[in-house]
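Encoded as C-alpha cells, the structure appears first; notes follow it.
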Amino acid sequence: MVNETAYALGSNRSCIRELFEYGRRRAAIVGEENVYDYSLGNPSIPAPPAVAQAIGDILAHMDPVQIHGYTSAAGDESARRAIADDLNRRFDAHVRWEKLFLGAGAAPELAAVFHALAVPGGELLVVAPYFPEYRVFADAAGLKMQVVAPDVPDFQIRIPVVAELLTPNTVGVLVNSPNNPSGVVYTRQTLQALAQLLQEKSREFGHPIYLIADEPYRELTYGGVEAPFIPLIYPDTVVCYSYSKSLSLPGERIGYIYVPEEATDSDTLYAAIAGAARSCGHVCAPSLWQHVIARCAGERPDLAQYDRNRRALYDGLTAMGYETARPDGAFYLFVKAPGGDAVAFSEKAKQRDLLLVPGDDFGCPGYFRICYCVKYEMILRSLPVFRALLEP
Ligand code: PLP
C-alpha cells in the first residue's frame, strides 16, 4: 500500500520534463543542431570562477571533518553572517544573521514556509503566472491555494483582484520576481501598492498576512532594472532565496530563508519554519556548499550571455509580430500564442522540433514560455522556424 497522492506525483512527470526528454530523443534522431529546445530552466552559464577557487581553498585548508560534517539545522554561522553582511551592504537592510535559515534551494524552503503557515483552513494567494510546483507544496501543507489572475499584457499584479481574494483565512500571498515564466520584474510601485493593501487587510483581519517572496532570480535583471528588496517595502515578508540560478548551482542545492526581525511575531515565525523544515526531515543544508557561500555570498553572475540571448529573441520575435511581456529579468520570455491556443501552437512548434512550454500549467493559458538559457547559435537557427509558424 502506498499513499495515492504521493504515487500520482511520483509517476506523472511534469510537462516541462516530458518535453525536455522528448527533445533528447529527437536530437538522437535528427541531430542536436536541428532541435530547438526552450523547455528547461537549467542555467547555461558557468558558476563564477570564485566558486571553484572557494572549493579549492576549502579542500586545501579546512579540517575535512568540518567540511563534510553536520552544521546546525539552521546552517553554519559563518555562511549566515556572510549572507547578512552582503544583504546589508547592498540594501542597507538590517538583516540579522540569526534570522537566516539555510536550505537546500528554494523548493524545500517554500515547502517549509508553507507548512509553517498552514493553520486549519489557511489560504495562500499566488499571483499568476506562477511556478507550478507551488500547488504541490501548498497541497502537501494543507493550504488552499487561490490564484490571482494574470495582469495581461504587462504581468504586474492586479491589486484589486488580490483585494477581492483576501479573506480572514488568508495566511500568505506569494510573489515571484523576477518571474518564472514571464521574465517580468515587479516594479517598486506595484510592490508598494501590494504592501499597502496587505497592511490594511492585516489590520482589518487582526493577524499578519505574510508576503512570501520566492527569489531564485533576484540577481538576474537586465538594463539596470531594479528588483527591490521586498522586506524593506513590507516587513511581514519571508524571503526564499536560492543560489541555483544566481550562481548557476542548481544541482548543489543551497539557498536561504530570511525572516526579518521587524516581521510580526518574527521569532515565532522563524521557529515555526525551523520546525516545519525539521518535520520534513531537513537536517542541514549541504555542508560543503555552506562553506562555499561563506566565501562567495557577494559574488554575482556575469549576465552578458543571457542578455545577448534575451535581446536576440525579444528583438527577433517582436519584429515578426509576436507579442511578449517586457523580459527584464530571469531567463524567460512569455509570448502570446498566435491564434490564442498555446497548447495547439506549442504542438505545431513541436512538429518542427521547436520546444515551447504552454502557459496553462503556470496559470496563464494563451501564452507560451521560452527559456533562453541556451546556446546563442540555437536561437539564431530557431528564428526562421518561429517565422514559419506564423505563415497560414
Ligand atoms: N521558484 C521558482 C520560481 C523557480 O523557477 C524554481 C526553479 O526553477 C524554484 C523556485 C526552485 O528552485 P531551487 O532549485 O532553488 O529549488
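Residue numbering restarts at 1 for every chain of the C-alpha cells, chains are lettered A, B, ... in their displayed order, and ligands are numbered from 1 as they appear.
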Worksheet item: How would you write, as a PyMOL selection string, the set of residues no farther than 10 Å from ligand 1 when counting only C-alpha atoms and all ligand atoms?
Response: chain A and resi 40-43+103-110+129-134+175-181+213-217+240-246+248-256+330-332
Worksheet item: Tell me, which residues of range 115-315 of chain A carry DSSP strand (DSSP E or B), written as JSON, numbers by chain?
Response: {"A": [123, 124, 125, 126, 127, 144, 145, 146, 147, 148, 151, 156, 170, 171, 172, 173, 174, 175, 176, 210, 211, 212, 213, 214, 215, 221, 237, 238, 239, 240, 241, 242, 255, 256, 257, 258]}
Those selected residues, please, written with N, CA, C and O atoms and delivered as a compact mmCIF listing (two decimals), in the first residue's frame.
# COMPACT_ATOMS: atom_id res chain seq x y z
N GLU A 123 -5.42 29.87 3.80
CA GLU A 123 -5.42 30.07 2.34
C GLU A 123 -4.16 30.81 1.92
O GLU A 123 -3.68 31.70 2.63
N LEU A 124 -3.67 30.46 0.75
CA LEU A 124 -2.47 31.09 0.19
C LEU A 124 -2.83 31.66 -1.17
O LEU A 124 -3.35 30.94 -2.03
N LEU A 125 -2.56 32.94 -1.34
CA LEU A 125 -2.81 33.57 -2.65
C LEU A 125 -1.52 33.54 -3.47
O LEU A 125 -0.47 33.94 -2.97
N VAL A 126 -1.64 33.08 -4.70
CA VAL A 126 -0.48 33.01 -5.57
C VAL A 126 -0.78 33.83 -6.82
O VAL A 126 -1.85 33.68 -7.43
N VAL A 127 0.15 34.70 -7.17
CA VAL A 127 -0.07 35.58 -8.32
C VAL A 127 0.34 34.84 -9.60
O VAL A 127 1.48 34.37 -9.71
N LYS A 144 -5.01 26.00 1.18
CA LYS A 144 -5.85 26.14 -0.01
C LYS A 144 -5.23 27.23 -0.90
O LYS A 144 -5.11 28.38 -0.47
N MET A 145 -4.83 26.85 -2.11
CA MET A 145 -4.16 27.83 -2.98
C MET A 145 -5.20 28.54 -3.84
O MET A 145 -5.98 27.91 -4.54
N GLN A 146 -5.19 29.87 -3.76
CA GLN A 146 -6.08 30.69 -4.58
C GLN A 146 -5.21 31.44 -5.59
O GLN A 146 -4.14 31.94 -5.22
N VAL A 147 -5.68 31.53 -6.83
CA VAL A 147 -4.84 32.14 -7.87
C VAL A 147 -5.33 33.54 -8.22
O VAL A 147 -6.52 33.73 -8.51
N VAL A 148 -4.42 34.49 -8.20
CA VAL A 148 -4.71 35.85 -8.66
C VAL A 148 -4.49 35.86 -10.17
O VAL A 148 -3.37 35.62 -10.63
N ASP A 151 -2.10 39.65 -14.89
CA ASP A 151 -2.31 41.03 -15.31
C ASP A 151 -1.78 41.18 -16.74
O ASP A 151 -0.69 41.72 -16.94
N GLN A 156 2.25 42.59 -14.31
CA GLN A 156 2.49 43.08 -12.96
C GLN A 156 1.44 42.40 -12.06
O GLN A 156 1.09 41.25 -12.34
N THR A 170 -6.73 34.10 4.88
CA THR A 170 -5.50 34.22 4.10
C THR A 170 -4.30 34.35 5.04
O THR A 170 -4.23 35.29 5.83
N VAL A 171 -3.39 33.40 4.92
CA VAL A 171 -2.18 33.47 5.77
C VAL A 171 -1.00 34.05 5.01
O VAL A 171 -0.06 34.57 5.61
N GLY A 172 -1.03 33.94 3.67
CA GLY A 172 0.12 34.43 2.92
C GLY A 172 -0.23 34.73 1.48
O GLY A 172 -1.22 34.24 0.93
N VAL A 173 0.59 35.60 0.89
CA VAL A 173 0.50 35.90 -0.55
C VAL A 173 1.88 35.62 -1.11
O VAL A 173 2.89 36.06 -0.53
N LEU A 174 1.93 34.88 -2.21
CA LEU A 174 3.23 34.52 -2.77
C LEU A 174 3.51 35.31 -4.04
O LEU A 174 2.68 35.35 -4.94
N VAL A 175 4.68 35.95 -4.08
CA VAL A 175 5.10 36.64 -5.31
C VAL A 175 6.48 36.11 -5.70
O VAL A 175 7.28 35.73 -4.85
N ASN A 176 6.71 36.11 -6.99
CA ASN A 176 7.98 35.63 -7.53
C ASN A 176 8.46 36.64 -8.57
O ASN A 176 7.87 36.76 -9.62
N TYR A 210 1.38 37.32 5.62
CA TYR A 210 2.79 37.33 5.23
C TYR A 210 2.91 37.30 3.71
O TYR A 210 2.12 36.64 3.01
N LEU A 211 3.91 38.04 3.24
CA LEU A 211 4.24 38.00 1.82
C LEU A 211 5.41 37.04 1.69
O LEU A 211 6.43 37.19 2.37
N ILE A 212 5.25 36.04 0.85
CA ILE A 212 6.35 35.09 0.64
C ILE A 212 7.00 35.48 -0.68
O ILE A 212 6.35 35.47 -1.73
N ALA A 213 8.28 35.87 -0.60
CA ALA A 213 8.99 36.32 -1.81
C ALA A 213 9.90 35.19 -2.27
O ALA A 213 10.91 34.89 -1.63
N ASP A 214 9.50 34.56 -3.37
CA ASP A 214 10.29 33.46 -3.94
C ASP A 214 11.31 34.10 -4.89
O ASP A 214 10.93 34.62 -5.93
N GLU A 215 12.60 34.05 -4.52
CA GLU A 215 13.57 34.89 -5.21
C GLU A 215 14.78 34.19 -5.81
O GLU A 215 15.91 34.67 -5.66
N THR A 221 18.66 40.52 -13.49
CA THR A 221 17.91 41.60 -14.12
C THR A 221 18.82 42.27 -15.14
O THR A 221 20.05 42.22 -15.01
N THR A 237 7.49 40.08 5.38
CA THR A 237 7.89 39.28 4.21
C THR A 237 8.82 38.15 4.65
O THR A 237 9.69 38.36 5.50
N VAL A 238 8.63 36.99 4.06
CA VAL A 238 9.59 35.89 4.24
C VAL A 238 10.24 35.66 2.89
O VAL A 238 9.55 35.42 1.90
N VAL A 239 11.57 35.75 2.85
CA VAL A 239 12.27 35.57 1.58
C VAL A 239 12.74 34.12 1.45
O VAL A 239 13.34 33.58 2.38
N CYS A 240 12.46 33.52 0.30
CA CYS A 240 13.05 32.21 -0.01
C CYS A 240 14.01 32.42 -1.17
O CYS A 240 13.59 32.71 -2.30
N TYR A 241 15.28 32.33 -0.87
CA TYR A 241 16.31 32.64 -1.86
C TYR A 241 17.05 31.36 -2.23
O TYR A 241 17.12 30.41 -1.44
N SER A 242 17.65 31.39 -3.43
CA SER A 242 18.38 30.21 -3.89
C SER A 242 19.58 30.66 -4.71
O SER A 242 19.52 31.67 -5.41
N GLY A 255 20.57 27.55 -0.54
CA GLY A 255 19.85 28.82 -0.53
C GLY A 255 19.55 29.20 0.91
O GLY A 255 20.13 28.64 1.84
N TYR A 256 18.65 30.15 1.10
CA TYR A 256 18.30 30.53 2.48
C TYR A 256 16.89 31.07 2.58
O TYR A 256 16.33 31.58 1.59
N ILE A 257 16.36 30.97 3.79
CA ILE A 257 15.10 31.64 4.15
C ILE A 257 15.48 32.81 5.05
O ILE A 257 16.34 32.67 5.92
N TYR A 258 14.82 33.95 4.84
CA TYR A 258 15.09 35.11 5.71
C TYR A 258 13.77 35.61 6.31
O TYR A 258 12.81 35.89 5.58
Discussion item. I'd like to know which of A:Tyr376, A:Tyr186, A:Phe368, A:Tyr7 is closest to Glu347 in chain A, using only C-alpha atoms.
Written reply: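 Result for the nearest residue to Glu347 in chain A: A:Phe368.
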Worksheet item: Contacts of Gln66 in chain A at 10 Å or less, counting only C-alpha atoms, minus same-chain residues fewer than 6 places along, as a list in words?
Response: Ser287, Leu288 and His291 of chain A
Worksheet item: How many Å lie between CA of Asp236 in chain A and CA of Ser202 in chain A, rounded to one decimal?
Response: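 A separation of 10.0 Å between them.
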Worksheet entry | Picked from range 145-267 of chain A by DSSP as alpha helix (DSSP H), as a PyMOL selection string | chain A and resi 159-165+188-205+243-246+266-267
For the selection just defined, write its residues with N, CA and C atoms to a file, as a PDB file, in the first residue's frame.
ATOM      1  N   ILE A 159      -3.877  44.539  -8.285  1.00  0.00           N
ATOM      2  CA  ILE A 159      -4.120  44.734  -6.847  1.00  0.00           C
ATOM      3  C   ILE A 159      -5.618  44.595  -6.498  1.00  0.00           C
ATOM      4  N   PRO A 160      -6.555  45.148  -7.307  1.00  0.00           N
ATOM      5  CA  PRO A 160      -7.974  44.973  -6.951  1.00  0.00           C
ATOM      6  C   PRO A 160      -8.388  43.497  -6.926  1.00  0.00           C
ATOM      7  N   VAL A 161      -7.766  42.685  -7.764  1.00  0.00           N
ATOM      8  CA  VAL A 161      -8.104  41.249  -7.758  1.00  0.00           C
ATOM      9  C   VAL A 161      -7.567  40.596  -6.487  1.00  0.00           C
ATOM     10  N   VAL A 162      -6.367  41.001  -6.071  1.00  0.00           N
ATOM     11  CA  VAL A 162      -5.831  40.487  -4.798  1.00  0.00           C
ATOM     12  C   VAL A 162      -6.796  40.870  -3.678  1.00  0.00           C
ATOM     13  N   ALA A 163      -7.245  42.125  -3.697  1.00  0.00           N
ATOM     14  CA  ALA A 163      -8.143  42.615  -2.638  1.00  0.00           C
ATOM     15  C   ALA A 163      -9.403  41.756  -2.559  1.00  0.00           C
ATOM     16  N   GLU A 164      -9.937  41.403  -3.717  1.00  0.00           N
ATOM     17  CA  GLU A 164     -11.169  40.591  -3.733  1.00  0.00           C
ATOM     18  C   GLU A 164     -10.952  39.200  -3.154  1.00  0.00           C
ATOM     19  N   LEU A 165      -9.751  38.667  -3.342  1.00  0.00           N
ATOM     20  CA  LEU A 165      -9.498  37.283  -2.939  1.00  0.00           C
ATOM     21  C   LEU A 165      -9.044  37.138  -1.486  1.00  0.00           C
ATOM     22  N   ARG A 188       8.755  48.718  -8.097  1.00  0.00           N
ATOM     23  CA  ARG A 188       8.621  49.208  -6.721  1.00  0.00           C
ATOM     24  C   ARG A 188       7.182  49.691  -6.478  1.00  0.00           C
ATOM     25  N   GLN A 189       6.625  50.352  -7.493  1.00  0.00           N
ATOM     26  CA  GLN A 189       5.264  50.876  -7.378  1.00  0.00           C
ATOM     27  C   GLN A 189       4.255  49.740  -7.157  1.00  0.00           C
ATOM     28  N   THR A 190       4.390  48.672  -7.935  1.00  0.00           N
ATOM     29  CA  THR A 190       3.498  47.509  -7.779  1.00  0.00           C
ATOM     30  C   THR A 190       3.625  46.937  -6.374  1.00  0.00           C
ATOM     31  N   LEU A 191       4.877  46.783  -5.911  1.00  0.00           N
ATOM     32  CA  LEU A 191       5.099  46.156  -4.608  1.00  0.00           C
ATOM     33  C   LEU A 191       4.601  47.061  -3.477  1.00  0.00           C
ATOM     34  N   GLN A 192       4.745  48.373  -3.664  1.00  0.00           N
ATOM     35  CA  GLN A 192       4.244  49.299  -2.636  1.00  0.00           C
ATOM     36  C   GLN A 192       2.720  49.236  -2.548  1.00  0.00           C
ATOM     37  N   ALA A 193       2.070  49.153  -3.705  1.00  0.00           N
ATOM     38  CA  ALA A 193       0.600  49.068  -3.708  1.00  0.00           C
ATOM     39  C   ALA A 193       0.143  47.771  -3.034  1.00  0.00           C
ATOM     40  N   LEU A 194       0.856  46.688  -3.313  1.00  0.00           N
ATOM     41  CA  LEU A 194       0.516  45.407  -2.678  1.00  0.00           C
ATOM     42  C   LEU A 194       0.732  45.502  -1.166  1.00  0.00           C
ATOM     43  N   ALA A 195       1.855  46.102  -0.776  1.00  0.00           N
ATOM     44  CA  ALA A 195       2.172  46.236   0.658  1.00  0.00           C
ATOM     45  C   ALA A 195       1.083  47.024   1.375  1.00  0.00           C
ATOM     46  N   GLN A 196       0.647  48.105   0.746  1.00  0.00           N
ATOM     47  CA  GLN A 196      -0.387  48.939   1.377  1.00  0.00           C
ATOM     48  C   GLN A 196      -1.675  48.139   1.591  1.00  0.00           C
ATOM     49  N   LEU A 197      -2.047  47.395   0.557  1.00  0.00           N
ATOM     50  CA  LEU A 197      -3.255  46.573   0.663  1.00  0.00           C
ATOM     51  C   LEU A 197      -3.103  45.540   1.788  1.00  0.00           C
ATOM     52  N   LEU A 198      -1.960  44.866   1.832  1.00  0.00           N
ATOM     53  CA  LEU A 198      -1.780  43.811   2.837  1.00  0.00           C
ATOM     54  C   LEU A 198      -1.740  44.396   4.249  1.00  0.00           C
ATOM     55  N   GLN A 199      -1.159  45.597   4.371  1.00  0.00           N
ATOM     56  CA  GLN A 199      -1.157  46.248   5.688  1.00  0.00           C
ATOM     57  C   GLN A 199      -2.592  46.526   6.144  1.00  0.00           C
ATOM     58  N   GLU A 200      -3.393  47.074   5.225  1.00  0.00           N
ATOM     59  CA  GLU A 200      -4.788  47.395   5.577  1.00  0.00           C
ATOM     60  C   GLU A 200      -5.551  46.124   5.958  1.00  0.00           C
ATOM     61  N   LYS A 201      -5.388  45.097   5.143  1.00  0.00           N
ATOM     62  CA  LYS A 201      -6.149  43.865   5.384  1.00  0.00           C
ATOM     63  C   LYS A 201      -5.663  43.141   6.643  1.00  0.00           C
ATOM     64  N   SER A 202      -4.360  43.202   6.912  1.00  0.00           N
ATOM     65  CA  SER A 202      -3.836  42.575   8.137  1.00  0.00           C
ATOM     66  C   SER A 202      -4.480  43.241   9.354  1.00  0.00           C
ATOM     67  N   ARG A 203      -4.570  44.577   9.277  1.00  0.00           N
ATOM     68  CA  ARG A 203      -5.208  45.307  10.389  1.00  0.00           C
ATOM     69  C   ARG A 203      -6.662  44.885  10.522  1.00  0.00           C
ATOM     70  N   GLU A 204      -7.359  44.848   9.371  1.00  0.00           N
ATOM     71  CA  GLU A 204      -8.792  44.506   9.382  1.00  0.00           C
ATOM     72  C   GLU A 204      -9.021  43.099   9.941  1.00  0.00           C
ATOM     73  N   PHE A 205      -8.166  42.144   9.542  1.00  0.00           N
ATOM     74  CA  PHE A 205      -8.382  40.751   9.960  1.00  0.00           C
ATOM     75  C   PHE A 205      -7.778  40.446  11.329  1.00  0.00           C
ATOM     76  N   TYR A 243      20.643  29.888  -4.626  1.00  0.00           N
ATOM     77  CA  TYR A 243      21.820  30.151  -5.469  1.00  0.00           C
ATOM     78  C   TYR A 243      21.769  29.332  -6.761  1.00  0.00           C
ATOM     79  N   SER A 244      20.651  28.628  -6.983  1.00  0.00           N
ATOM     80  CA  SER A 244      20.550  27.761  -8.170  1.00  0.00           C
ATOM     81  C   SER A 244      20.787  28.542  -9.459  1.00  0.00           C
ATOM     82  N   LYS A 245      20.180  29.716  -9.545  1.00  0.00           N
ATOM     83  CA  LYS A 245      20.280  30.489 -10.791  1.00  0.00           C
ATOM     84  C   LYS A 245      21.317  31.596 -10.649  1.00  0.00           C
ATOM     85  N   SER A 246      21.397  32.207  -9.460  1.00  0.00           N
ATOM     86  CA  SER A 246      22.269  33.380  -9.318  1.00  0.00           C
ATOM     87  C   SER A 246      23.738  32.982  -9.407  1.00  0.00           C
ATOM     88  N   SER A 266       8.094  37.683  14.708  1.00  0.00           N
ATOM     89  CA  SER A 266       9.257  37.219  13.957  1.00  0.00           C
ATOM     90  C   SER A 266       9.873  35.936  14.543  1.00  0.00           C
ATOM     91  N   ASP A 267      10.081  35.914  15.861  1.00  0.00           N
ATOM     92  CA  ASP A 267      10.740  34.745  16.469  1.00  0.00           C
ATOM     93  C   ASP A 267       9.865  33.499  16.343  1.00  0.00           C
TER      94      ASP A 267
END
Discussion item. Please list as a PyMOL selection string every residue within 7 Å of Ala93 in chain A, counting only C-alpha atoms and excluding residues in the same chain fewer than 3 positions away.
Written reply: chain A and resi 87-88+232
Could those residues be written to a file, using N, CA, C and O atoms, as a PDB file, in the first residue's frame?
ATOM      1  N   LEU A  87      23.698  41.308   2.221  1.00  0.00           N
ATOM      2  CA  LEU A  87      22.390  41.973   2.088  1.00  0.00           C
ATOM      3  C   LEU A  87      22.435  43.373   2.699  1.00  0.00           C
ATOM      4  O   LEU A  87      21.873  44.322   2.151  1.00  0.00           O
ATOM      5  N   ASN A  88      23.121  43.488   3.819  1.00  0.00           N
ATOM      6  CA  ASN A  88      23.178  44.801   4.488  1.00  0.00           C
ATOM      7  C   ASN A  88      23.991  45.802   3.675  1.00  0.00           C
ATOM      8  O   ASN A  88      23.638  46.971   3.604  1.00  0.00           O
ATOM      9  N   LEU A 232      12.070  45.460   2.799  1.00  0.00           N
ATOM     10  CA  LEU A 232      12.161  46.884   3.113  1.00  0.00           C
ATOM     11  C   LEU A 232      10.882  47.619   2.716  1.00  0.00           C
ATOM     12  O   LEU A 232      10.633  48.740   3.170  1.00  0.00           O
TER      13      LEU A 232
END
Practice prompt. Figure out the distance between CA of Val292 in chain A and CA of Ala277 in chain A, please, to one decimal in Å.
Written response: 22.1 Å
Worksheet item: Could you work out how far CA of Phe114 in chain A lies from CA of Ala138 in chain A, giving the answer in Å with one decimal?
Response: 6.3 Å
